[in-house]
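Asks: Structure provided below as structure tokens; questions to follow.
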Amino acid sequence: MKGKALAVLGMTLSLMFCQPTPPPKTPSDLKREMVERLDKMTVALVAGSIEENEITLMPYCSGVWISKNEIITARHCISDEPIFMYQVYGSEKIYTFDIMSEDPEHDLALLKSRADPPEHPAATLAESWWAGQPVHIVGHTTGLGWTYIEGVISSSRMLRGNSTPPAIQISSPAWFGNSGGGAFNDDGQLVGISSWVSTRAPMLSFFVNSEAINQFLIKAQKR
């Protein structure tokens, strides 16, 4: 009896050690997983138009989840819309939100979903950034939903114009529709929120950095 038990144990151990080891993930696999995670972290702020009694919704800005039901976006994205609506990645359902806090100087706004959205990842803030750092941008470029863009931080200096918030410069083809969306580092941390682009030269986009975002969120929570 003891011999049979040992034989069974031996066969079990043999089967355990004979199980094939799954192949390691390739860089392409890891990149695909990261982009999908960033897509789920990004929302589309949408506006509707009525043509021939049909309502057409078009993404006009982007936003980034920072908690279960809170979204960070650019303040100029919510300044003119009479009804505030958003969509999540992979769904055509429409959700509405309330504006919780605004900071015109830094072009930031905090939104809160009125209904519980589907489960999604939330962004964490990057603690630093540097010139030459690659970034990953997700937004709705010219209304094309969940468009992925690669960019590079061009300079770590802070830029401030007479009518623009302080921002870091990123070389990327971000354009209208990317406003309010995020630039993320290789770890998926939020480096900045898209604020404005230059129309005088190509590939000049400007993002409110994570330090300013953190300060804004701290002030918003105290209100």
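Residue numbering restarts at 1 for every chain of the structure tokens, chains are lettered A, B, ... in their displayed order, and ligands are numbered from 1 as they appear.
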Residues within 6 Å of range 136-152 of chain A, please, as a list of chain:residue names. Count only C-alpha atoms; anything in the same chain fewer than 6 positions from it doesn't count.
Replies: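 Returned residues: A:Pro59, A:Tyr60, A:Ser62, A:Ile170, A:Ser171, A:Ser172, A:Trp175, A:Phe176, A:Gly177, A:Asn178, A:Gly181, A:Gly182, A:Ala183, A:Phe184.
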Asks: Could you pull the residues within 7 Å of Val43 in chain A, counting only C-alpha atoms, minus those fewer than 6 positions along the same chain, as number ranges by chain?
Replies: A: 62-64, 86-89
Asks: So which one's closest to Leu217 in chain A, A:Arg32, A:Tyr95, A:Leu45, A:Met100? Using only C-alpha atoms, please.
Replies: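 Going through A:Arg32, A:Tyr95, A:Leu45, A:Met100 one by one, the smallest distance to Leu217 in chain A is for A:Met100.
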Asks: For Asn209 in chain A, work out the shell of residues within 8 Å, counting only C-alpha atoms and skipping chain neighbours fewer than 6 positions away, then give it as a list in words.
Replies: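 These residues fall inside the cut-off: Ala167, Ile168, Val191, Gly192 and Ile193 of chain A.
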Asks: Using only C-alpha atoms for the distances, tell me which of A:Ser198, A:Ser91, A:Thr73, A:Gln169 is nearest to Phe216 in chain A.
Replies: A:Thr73
